[in-house]
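Asks: Contents of final11.txt (compact mmCIF, C-alpha atoms) are below:
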# COMPACT_ATOMS: atom_id res chain seq x y z
CA MET T 197 8.01 -9.03 56.75
CA GLN T 198 7.12 -10.10 53.21
CA THR T 199 4.27 -12.31 54.37
CA ILE T 200 2.62 -9.35 56.07
CA ASP T 201 2.89 -7.31 52.86
CA LEU T 202 1.55 -10.23 50.86
CA LEU T 203 -1.39 -10.65 53.23
CA THR T 204 -2.25 -6.94 53.08
CA GLN T 205 -2.10 -7.03 49.27
CA ALA T 206 -4.32 -10.11 49.22
CA LYS T 207 -6.80 -8.44 51.59
CA SER T 208 -6.94 -5.31 49.44
CA PHE T 209 -7.45 -7.45 46.33
CA VAL T 210 -10.31 -9.34 47.99
CA ASP T 211 -11.89 -6.07 49.12
CA THR T 212 -11.67 -4.62 45.61
CA ALA T 213 -13.11 -7.81 44.11
CA SER T 214 -16.03 -7.81 46.53
CA VAL T 215 -16.81 -4.17 45.70
CA LYS T 216 -16.77 -4.97 41.97
CA ALA T 217 -18.97 -8.03 42.53
CA GLY T 218 -21.44 -5.85 44.42
CA GLU T 219 -21.50 -3.38 41.52
CA TYR T 220 -22.22 -6.16 39.03
CA GLY T 221 -24.89 -7.56 41.34
CA ASP T 222 -26.59 -4.16 41.47
CA LEU T 223 -26.40 -3.94 37.68
CA LEU T 224 -28.00 -7.36 37.28
CA ALA T 225 -30.74 -6.46 39.75
CA SER T 226 -31.53 -3.27 37.82
CA VAL T 227 -31.64 -5.19 34.52
CA GLN T 228 -33.96 -7.75 36.10
CA SER T 229 -36.30 -5.04 37.41
CA PHE T 230 -36.28 -3.29 34.01
CA ILE T 231 -37.28 -6.53 32.28
CA MET T 232 -39.99 -7.20 34.87
CA GLU T 233 -41.45 -3.69 34.47
CA HIS T 234 -41.50 -3.69 30.68
CA PHE T 235 -42.03 -7.34 29.72
CA GLY T 236 -43.32 -9.11 32.83
CA GLN T 237 -42.54 -12.56 34.13
CA ASN T 238 -42.61 -14.15 30.65
CA GLY T 239 -40.01 -11.66 29.45
CA LEU T 240 -37.80 -12.56 32.40
CA TYR T 241 -38.09 -16.24 31.53
CA ALA T 242 -37.19 -15.45 27.92
CA ALA T 243 -34.15 -13.44 29.06
CA TYR T 244 -33.00 -16.36 31.22
CA ILE T 245 -33.38 -18.73 28.27
CA VAL T 246 -31.42 -16.39 25.97
CA VAL T 247 -28.60 -15.99 28.50
CA ALA T 248 -28.47 -19.77 29.05
CA ALA T 249 -28.40 -20.43 25.28
CA LEU T 250 -25.57 -17.91 24.79
CA GLY T 251 -23.66 -19.43 27.68
CA LEU T 252 -24.01 -22.94 26.25
CA PHE T 253 -22.97 -21.67 22.82
CA LEU T 254 -19.83 -20.05 24.24
CA LEU T 255 -19.07 -23.16 26.29
CA SER T 256 -19.37 -25.37 23.20
CA LEU T 257 -17.06 -23.05 21.25
CA LEU T 258 -14.51 -23.19 24.04
CA ALA T 259 -14.73 -26.99 24.22
CA ARG T 260 -14.38 -27.30 20.45
CA LEU T 261 -11.33 -25.02 20.47
CA THR T 262 -9.76 -27.01 23.30
CA PHE T 263 -10.28 -30.35 21.59
CA SER T 264 -9.00 -29.01 18.26
CA THR T 265 -5.89 -27.69 19.97
CA LEU T 266 -5.28 -31.06 21.56
CA LYS T 267 -5.97 -32.92 18.33
CA TYR T 268 -3.98 -30.79 15.93
CA LEU T 269 -1.27 -29.18 18.06
CA VAL T 270 -0.47 -30.88 21.36
CA ILE T 271 -0.63 -34.55 20.41
CA PRO T 272 1.27 -34.23 17.08
CA SER T 273 3.92 -32.05 18.75
CA VAL T 274 4.51 -34.55 21.53
CA VAL T 275 4.61 -37.48 19.10
CA LEU T 276 7.05 -35.68 16.79
CA ALA T 277 9.27 -34.69 19.70
CA PHE T 278 9.29 -38.25 21.02
CA ALA T 279 10.06 -39.69 17.58
CA GLY T 280 12.77 -37.09 17.06
CA SER T 281 14.34 -37.89 20.41
CA LEU T 282 14.54 -41.55 19.42
CA PHE T 283 16.21 -40.94 16.05
CA ALA T 284 18.14 -37.71 16.61
CA PRO T 285 20.81 -36.91 19.18
CA TYR T 286 18.58 -34.28 20.81
CA SER T 287 16.48 -34.72 23.93
CA PHE T 288 12.71 -34.59 24.12
CA ALA T 289 12.83 -31.31 26.04
CA MET T 290 14.97 -29.69 23.35
CA LEU T 291 12.77 -30.89 20.49
CA LEU T 292 9.37 -30.07 22.01
CA PRO T 293 9.49 -26.27 21.46
CA VAL T 294 10.61 -26.84 17.88
CA THR T 295 7.83 -29.30 17.12
CA VAL T 296 5.22 -27.05 18.73
CA SER T 297 6.41 -24.18 16.56
CA VAL T 298 6.36 -26.32 13.43
CA CYS T 299 2.85 -27.63 14.14
CA SER T 300 1.66 -24.08 14.91
CA LEU T 301 3.06 -22.75 11.64
CA PHE T 302 1.51 -25.68 9.78
CA LEU T 303 -1.90 -24.86 11.29
CA ILE T 304 -1.54 -21.15 10.49
CA PHE T 305 -0.68 -21.78 6.84
CA LYS T 306 -3.22 -24.58 6.50
CA GLY T 307 -5.98 -22.22 7.61
Once more with this new file: its structure as structure tokens, please.
Replies:
Amino acid sequence: MQTIDLLTQAKSFVDTASVKAGEYGDLLASVQSFIMEHFGQNGLYAAYIVVAALGLFLLSLLARLTFSTLKYLVIPSVVLAFAGSLFAPYSFAMLLPVTVSVCSLFLIFKG
């Protein structure tokens, strides 16, 4: 009984998503035709270049944020939790949330 409800919910979600995707596709087509009417083919090429440059910029920011999080939060937290589990009577799983919190607070106050 639950699988039927789950399948109907999934089908309604997919239908809603396809309608939204169609709306965004229509919006992009209208923007493309506006650019073609007012600026021509060269303007369309320039718009593609601007969108690609912004996409690459956002992707580089996301990659930089990910690597900084790994470098300054995840790796030190795991190392501190492992070292603490060797020298303290607490397990790694108990120390990991504490070390993540400490490293997070250190990063917040460090700026």
Asks: Fewer than 6 positions away in the same chain doesn't count, so skip those; otherwise give me all residues within 12 Å of Ala279 (chain T), counting all atoms listed in the file, as a PDB file with C-alpha atoms, in the coordinates of the input.
Replies:
ATOM      1  CA  PRO T 272       1.270 -34.230  17.080  1.00  0.00           C
ATOM      2  CA  SER T 273       3.920 -32.050  18.750  1.00  0.00           C
ATOM      3  CA  PRO T 285      20.810 -36.910  19.180  1.00  0.00           C
ATOM      4  CA  TYR T 286      18.580 -34.280  20.810  1.00  0.00           C
ATOM      5  CA  SER T 287      16.480 -34.720  23.930  1.00  0.00           C
ATOM      6  CA  PHE T 288      12.710 -34.590  24.120  1.00  0.00           C
ATOM      7  CA  LEU T 291      12.770 -30.890  20.490  1.00  0.00           C
ATOM      8  CA  LEU T 292       9.370 -30.070  22.010  1.00  0.00           C
ATOM      9  CA  THR T 295       7.830 -29.300  17.120  1.00  0.00           C
TER      10      THR T 295
END
Asks: Leaving out Leu240 (chain T) and any residue of its chain fewer than 3 positions from it, which residues lie within 12 Å of it when counting all atoms listed in the file, given as a list in words?
Replies: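 In the requested form, the answer reads Ala225, Val227, Gln228, Ser229, Phe230, Ile231, Met232, Glu233, His234, Phe235, Gly236, Gln237, Ala243, Tyr244, Ile245, Val246 and Val247 of chain T.
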Asks: Of the residues T:Phe278, T:Phe283, T:Tyr241, T:Tyr268, which is the one nearest to Ser300 (chain T), using all atoms listed in the file?
Replies: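 The answer is T:Tyr268, which sits nearest to Ser300 (chain T).
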Asks: In Å, rounded to a single decimal, give me how far CA of Ala277 (chain T) is from CA of Ile304 (chain T).
Replies: 19.6 Å
Asks: I'd like the interatomic distance between CA of Gly221 (chain T) and CA of Ser256 (chain T), to a tenth of an Å.
Replies: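 Taking CA of Gly221 (chain T) and CA of Ser256 (chain T), their separation equals 26.0 Å.
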Asks: Would you mind telling me which residue in T:Leu252, T:Val298, T:Ala259, T:Leu303 lies nearest to Val274 (chain T) when using all atoms listed in the file?
Replies: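 Ranked by minimum distance to Val274 (chain T), first place goes to T:Val298.
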Asks: Rounded to one decimal place, report the CA of Leu203 (chain T)-CA of Asp222 (chain T) distance in Å.
Replies: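 Taking CA of Leu203 (chain T) and CA of Asp222 (chain T), their separation equals 28.6 Å.
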